[in-house]
Structures are given as structure tokens and as C-alpha cells.
>>> print(open('upload.csv').read())   # CSV, C-alpha atoms
chain,number,residue,atom,x,y,z
A,256,GLN,CA,11.3,-19.9,1.6
A,257,VAL,CA,10.4,-20.0,-2.1
A,258,GLN,CA,13.2,-19.3,-4.5
A,259,LEU,CA,13.2,-19.0,-8.2
A,260,VAL,CA,16.4,-19.4,-10.2
A,261,GLU,CA,16.7,-18.6,-13.9
A,262,SER,CA,19.2,-20.1,-16.3
A,263,GLY,CA,19.9,-20.1,-20.0
A,264,GLY,CA,20.6,-16.5,-20.7
A,265,GLY,CA,23.6,-15.3,-22.7
A,266,LEU,CA,24.8,-13.6,-25.8
A,267,VAL,CA,23.2,-14.5,-29.1
A,268,GLN,CA,23.3,-13.0,-32.6
A,269,PRO,CA,20.2,-11.5,-34.2
A,270,GLY,CA,18.0,-14.3,-35.5
A,271,GLY,CA,19.3,-16.8,-33.0
A,272,SER,CA,17.6,-18.7,-30.3
A,273,LEU,CA,17.8,-19.2,-26.5
A,274,ARG,CA,15.9,-21.3,-24.0
A,275,LEU,CA,15.4,-19.9,-20.6
A,276,SER,CA,14.5,-22.1,-17.6
A,277,CYS,CA,13.1,-21.3,-14.2
A,278,LYS,CA,13.5,-23.8,-11.4
A,279,THR,CA,12.1,-23.3,-8.0
A,280,SER,CA,12.8,-24.5,-4.5
A,281,GLY,CA,11.1,-24.3,-1.2
A,282,ALA,CA,7.5,-24.4,-2.6
A,283,ILE,CA,5.4,-27.2,-1.2
A,284,PHE,CA,2.4,-26.0,-3.2
A,285,SER,CA,1.8,-25.7,-7.0
A,286,PHE,CA,1.8,-22.2,-8.5
A,287,THR,CA,-1.4,-21.0,-10.1
A,288,ALA,CA,0.5,-19.0,-12.7
A,289,MET,CA,4.0,-18.8,-14.0
A,290,GLY,CA,5.8,-16.6,-16.5
A,291,TRP,CA,8.5,-14.3,-17.7
A,292,TYR,CA,9.0,-10.6,-17.6
A,293,ARG,CA,11.9,-8.5,-18.9
A,294,GLN,CA,13.4,-5.2,-18.3
A,295,ALA,CA,15.7,-3.3,-20.7
A,296,PRO,CA,17.9,-0.5,-19.6
A,297,GLY,CA,15.9,2.7,-19.0
A,298,LYS,CA,12.6,0.9,-19.6
A,299,GLN,CA,9.9,-0.5,-17.4
A,300,ARG,CA,9.5,-4.1,-16.7
A,301,GLU,CA,7.2,-5.7,-19.2
A,302,LEU,CA,5.3,-9.0,-19.6
A,303,VAL,CA,6.9,-11.5,-21.9
A,304,ALA,CA,4.7,-14.6,-21.4
A,305,THR,CA,2.6,-16.3,-18.8
A,306,ILE,CA,1.0,-19.7,-18.4
A,307,ILE,CA,-1.6,-20.7,-15.9
A,308,SER,CA,-2.2,-24.0,-14.3
A,309,ASN,CA,-4.7,-25.2,-17.0
A,310,GLY,CA,-2.1,-24.4,-19.7
A,311,ILE,CA,-3.6,-21.2,-21.1
A,312,THR,CA,-0.8,-18.9,-22.3
A,313,ASN,CA,-0.6,-15.2,-22.8
A,314,TYR,CA,2.2,-13.2,-24.6
A,315,GLY,CA,3.3,-9.6,-24.9
A,316,ASP,CA,2.4,-8.0,-28.2
A,317,PHE,CA,6.0,-7.8,-29.2
A,318,VAL,CA,6.5,-11.6,-29.1
A,319,LYS,CA,4.6,-12.0,-32.4
A,320,GLY,CA,4.9,-15.8,-32.4
A,321,ARG,CA,8.6,-15.9,-31.8
A,322,PHE,CA,8.6,-17.1,-28.1
A,323,SER,CA,6.9,-20.1,-26.5
A,324,ILE,CA,6.3,-20.7,-22.8
A,325,SER,CA,5.9,-24.1,-21.4
A,326,LYS,CA,5.8,-25.8,-18.0
A,327,GLU,CA,6.8,-29.3,-17.0
A,328,LYS,CA,4.0,-31.6,-15.9
A,329,VAL,CA,5.5,-32.3,-12.6
A,330,GLY,CA,7.0,-29.7,-10.3
A,331,ASN,CA,7.3,-26.0,-10.5
A,332,THR,CA,9.6,-25.6,-13.5
A,333,TRP,CA,8.9,-23.7,-16.7
A,334,HIS,CA,10.7,-22.6,-19.8
A,335,LEU,CA,10.8,-19.9,-22.4
A,336,GLN,CA,11.9,-20.8,-25.9
A,337,MET,CA,12.9,-17.7,-27.8
A,338,ASN,CA,13.5,-17.8,-31.5
A,339,ASN,CA,14.4,-15.2,-34.1
A,340,LEU,CA,15.8,-12.9,-31.4
A,341,ALA,CA,16.2,-9.3,-32.3
A,342,LEU,CA,18.4,-6.5,-30.9
A,343,GLU,CA,15.5,-5.0,-29.0
A,344,ASP,CA,15.0,-8.3,-27.1
A,345,THR,CA,18.1,-7.4,-25.1
A,346,ALA,CA,17.1,-7.2,-21.5
A,347,VAL,CA,17.2,-8.9,-18.1
A,348,TYR,CA,14.6,-11.6,-18.1
A,349,TYR,CA,12.9,-12.5,-14.8
A,350,CYS,CA,10.9,-15.5,-14.0
A,351,TRP,CA,7.7,-14.9,-12.0
A,352,SER,CA,5.1,-17.0,-10.3
A,353,ARG,CA,2.0,-16.6,-8.2
A,354,GLY,CA,0.9,-19.0,-5.5
A,355,ARG,CA,-1.2,-18.7,-2.4
A,356,GLY,CA,-1.7,-15.0,-2.9
A,357,HIS,CA,1.9,-14.2,-3.3
A,358,ASP,CA,4.1,-13.2,-6.2
A,359,TYR,CA,7.6,-14.6,-6.5
A,360,TRP,CA,10.5,-13.3,-8.6
A,361,GLY,CA,13.8,-14.7,-9.7
A,362,GLN,CA,17.0,-12.6,-9.7
A,363,GLY,CA,17.0,-12.3,-13.5
A,364,THR,CA,19.2,-13.6,-16.3
A,365,GLN,CA,20.8,-11.4,-18.9
A,366,VAL,CA,19.9,-11.9,-22.6
A,367,THR,CA,22.0,-9.9,-25.0
A,368,VAL,CA,21.3,-9.9,-28.7
A,369,SER,CA,24.2,-8.5,-30.6
A,370,SER,CA,26.1,-9.0,-33.9
>>> encode(input="upload.csv", output="C-alpha cells")
Amino acid sequence: QVQLVESGGGLVQPGGSLRLSCKTSGAIFSFTAMGWYRQAPGKQRELVATIISNGITNYGDFVKGRFSISKEKVGNTWHLQMNNLALEDTAVYYCWSRGRGHDYWGQGTQVTVSS
């Protein structure tokens, strides 16, 4: 059974940085795409960033150069570096992946931006 586990969330002040990581277990195949979504209270889940197997990345419009997604060369592990965080970035961040026609989701990690 494929499992995704996020880490690195927490409380940060506006302008601060966090690095989220997603580690997987149970997958004997490589994912074709990986990424991050987020959901704030009362809002729909939205795309933050994705990266596909050839390294091409895609970001939500709100990112505006502040976040960077990366994946490790070996294994199904990827990261989201978030800089210059703003109050509106407060949300639960979910890691996501796609492989062999299936989507996989982590349980989410809370990111709270507050002064």
C-alpha cells in the first residue's frame, strides 16, 4: 500500500520560510508526477506546485516566485521550499503523486503564518 507522509509544517511569522517534505513508502514504481496542494478553512483545495518525471514544474498563480518544488534524484521523495510566507498562505498542505493511473495523497501538514 502506497503511503505519503508530509513533514516540515509549523508556525512561522510573515516573511519567514518553511520547507515541506513528502516521503513515500510502499511504492515499487516511480511516480510520473508529484506535487503539493493546499486547503485553507472554507476554501477549496488548490494546486501549489507540481513536478513531473522530466523535471518540468508548474506553480499556482499565487506563488509568484516564492516557492520552489524539487525532487530527489533517487526514490519518491520531494520537497517544497516556501519563502516570504504571507498570512494568506495559512492552510493544510497536502502532498500528492500520480503513478500507474492512480492518485495518492498524504494526510496533510498544517502551515500557519501569523505574527
>>> residues_around(input="upload.csv", residues="Cys277 in chain A", least_positions_apart="4", cutoff="6 Å", atoms="all atoms listed in the file", output="list in words")
Val260, Glu261, Thr332 and Trp333 of chain A
>>> closest_residue(input="upload.csv", among="A:Gln294, A:Cys350, A:Ile307, A:Lys319", to="Gln258 in chain A", atoms="all atoms listed in the file")
A:Cys350
>>> closest_residue(input="upload.csv", among="A:Val366, A:Arg300, A:Asn331, A:Gly290", to="Tyr314 in chain A", atoms="only C-alpha atoms")
A:Gly290
>>> closest_residue(input="upload.csv", among="A:Thr279, A:Glu301, A:Gln268, A:Arg274", to="Gln256 in chain A", atoms="all atoms listed in the file")
A:Thr279
>>> residues_around(input="upload.csv", residues="Tyr359 in chain A", least_positions_apart="4", cutoff="10 Å", atoms="all atoms listed in the file", output="ChimeraX atom specification")
/A:257-259,279,286,289,350-354
>>> closest_residue(input="upload.csv", among="A:Ser272, A:Ser280, A:Gln299, A:Ser308", to="Asn339 in chain A", atoms="all atoms listed in the file")
A:Ser272
>>> closest_residue(input="upload.csv", among="A:Asn313, A:Ser262, A:Asn338, A:Ser325", to="Leu275 in chain A", atoms="only C-alpha atoms")
A:Ser262
>>> atom_distance(input="upload.csv", atom1="CA of Gly270 in chain A", atom2="CA of Ala288 in chain A")
29.1 Å
>>> build_atoms(input="upload.csv", residues="range 297-308 of chain A", atoms="all heavy atoms", output="JSON list (two decimals), in the frame of the given file")
[["chain", "number", "residue", "atom", "x", "y", "z"],
["A", 297, "GLY", "N", 16.67, 1.50, -18.86],
["A", 297, "GLY", "CA", 15.90, 2.70, -19.00],
["A", 297, "GLY", "C", 14.41, 2.48, -19.33],
["A", 297, "GLY", "O", 13.68, 3.43, -19.59],
["A", 298, "LYS", "N", 13.97, 1.22, -19.29],
["A", 298, "LYS", "CA", 12.60, 0.90, -19.60],
["A", 298, "LYS", "C", 11.92, 0.22, -18.40],
["A", 298, "LYS", "O", 12.59, -0.33, -17.53],
["A", 298, "LYS", "CB", 12.46, 0.06, -20.84],
["A", 298, "LYS", "CG", 12.92, 0.74, -22.11],
["A", 298, "LYS", "CD", 12.63, -0.11, -23.32],
["A", 298, "LYS", "CE", 13.01, 0.60, -24.61],
["A", 298, "LYS", "NZ", 12.70, -0.23, -25.81],
["A", 299, "GLN", "N", 10.60, 0.24, -18.41],
["A", 299, "GLN", "CA", 9.90, -0.50, -17.40],
["A", 299, "GLN", "C", 9.86, -1.95, -17.62],
["A", 299, "GLN", "O", 10.00, -2.41, -18.77],
["A", 299, "GLN", "CB", 8.43, 0.07, -17.30],
["A", 299, "GLN", "CG", 8.30, 1.49, -16.79],
["A", 299, "GLN", "CD", 6.85, 1.90, -16.61],
["A", 299, "GLN", "OE1", 5.95, 1.41, -17.27],
["A", 299, "GLN", "NE2", 6.62, 2.81, -15.66],
["A", 300, "ARG", "N", 9.67, -2.70, -16.54],
["A", 300, "ARG", "CA", 9.50, -4.10, -16.70],
["A", 300, "ARG", "C", 8.25, -4.45, -17.44],
["A", 300, "ARG", "O", 7.22, -3.85, -17.19],
["A", 300, "ARG", "CB", 9.53, -4.81, -15.31],
["A", 300, "ARG", "CG", 9.64, -6.31, -15.34],
["A", 300, "ARG", "CD", 9.82, -6.89, -13.94],
["A", 300, "ARG", "NE", 11.07, -6.47, -13.34],
["A", 300, "ARG", "CZ", 11.55, -6.98, -12.20],
["A", 300, "ARG", "NH1", 10.88, -7.94, -11.57],
["A", 300, "ARG", "NH2", 12.69, -6.54, -11.70],
["A", 301, "GLU", "N", 8.33, -5.38, -18.39],
["A", 301, "GLU", "CA", 7.20, -5.70, -19.20],
["A", 301, "GLU", "C", 6.94, -7.21, -19.25],
["A", 301, "GLU", "O", 7.88, -8.01, -19.13],
["A", 301, "GLU", "CB", 7.31, -5.15, -20.61],
["A", 301, "GLU", "CG", 8.46, -5.70, -21.40],
["A", 301, "GLU", "CD", 8.57, -5.11, -22.81],
["A", 301, "GLU", "OE1", 7.61, -4.45, -23.27],
["A", 301, "GLU", "OE2", 9.61, -5.33, -23.45],
["A", 302, "LEU", "N", 5.69, -7.57, -19.46],
["A", 302, "LEU", "CA", 5.30, -9.00, -19.60],
["A", 302, "LEU", "C", 5.84, -9.58, -20.85],
["A", 302, "LEU", "O", 5.68, -8.99, -21.93],
["A", 302, "LEU", "CB", 3.82, -9.12, -19.47],
["A", 302, "LEU", "CG", 3.23, -10.52, -19.54],
["A", 302, "LEU", "CD1", 1.99, -10.62, -18.67],
["A", 302, "LEU", "CD2", 2.88, -10.92, -20.97],
["A", 303, "VAL", "N", 6.44, -10.74, -20.74],
["A", 303, "VAL", "CA", 6.90, -11.50, -21.90],
["A", 303, "VAL", "C", 5.84, -12.61, -22.21],
["A", 303, "VAL", "O", 5.29, -12.70, -23.30],
["A", 303, "VAL", "CB", 8.26, -12.09, -21.75],
["A", 303, "VAL", "CG1", 8.64, -12.91, -22.97],
["A", 303, "VAL", "CG2", 9.28, -10.99, -21.48],
["A", 304, "ALA", "N", 5.62, -13.44, -21.20],
["A", 304, "ALA", "CA", 4.70, -14.60, -21.40],
["A", 304, "ALA", "C", 4.28, -15.09, -20.03],
["A", 304, "ALA", "O", 5.05, -15.05, -19.07],
["A", 304, "ALA", "CB", 5.37, -15.69, -22.18],
["A", 305, "THR", "N", 3.05, -15.59, -19.97],
["A", 305, "THR", "CA", 2.60, -16.30, -18.80],
["A", 305, "THR", "C", 1.84, -17.53, -19.14],
["A", 305, "THR", "O", 1.35, -17.67, -20.27],
["A", 305, "THR", "CB", 1.61, -15.37, -17.95],
["A", 305, "THR", "OG1", 0.49, -15.03, -18.76],
["A", 305, "THR", "CG2", 2.29, -14.11, -17.45],
["A", 306, "ILE", "N", 1.79, -18.45, -18.20],
["A", 306, "ILE", "CA", 1.00, -19.70, -18.40],
["A", 306, "ILE", "C", 0.37, -19.99, -17.05],
["A", 306, "ILE", "O", 0.99, -19.84, -15.99],
["A", 306, "ILE", "CB", 1.96, -20.83, -18.85],
["A", 306, "ILE", "CG1", 1.14, -22.09, -19.14],
["A", 306, "ILE", "CG2", 3.08, -21.10, -17.86],
["A", 306, "ILE", "CD1", 1.94, -23.16, -19.90],
["A", 307, "ILE", "N", -0.89, -20.36, -17.11],
["A", 307, "ILE", "CA", -1.60, -20.70, -15.90],
["A", 307, "ILE", "C", -1.74, -22.17, -15.73],
["A", 307, "ILE", "O", -1.38, -22.93, -16.64],
["A", 307, "ILE", "CB", -2.94, -19.94, -15.78],
["A", 307, "ILE", "CG1", -3.85, -20.30, -16.96],
["A", 307, "ILE", "CG2", -2.73, -18.45, -15.71],
["A", 307, "ILE", "CD1", -5.23, -19.65, -16.86],
["A", 308, "SER", "N", -2.28, -22.59, -14.62],
["A", 308, "SER", "CA", -2.20, -24.00, -14.30],
["A", 308, "SER", "C", -2.96, -24.89, -15.28],
["A", 308, "SER", "O", -2.61, -26.06, -15.43],
["A", 308, "SER", "CB", -2.83, -24.22, -12.88],
["A", 308, "SER", "OG", -4.13, -23.67, -12.79]]
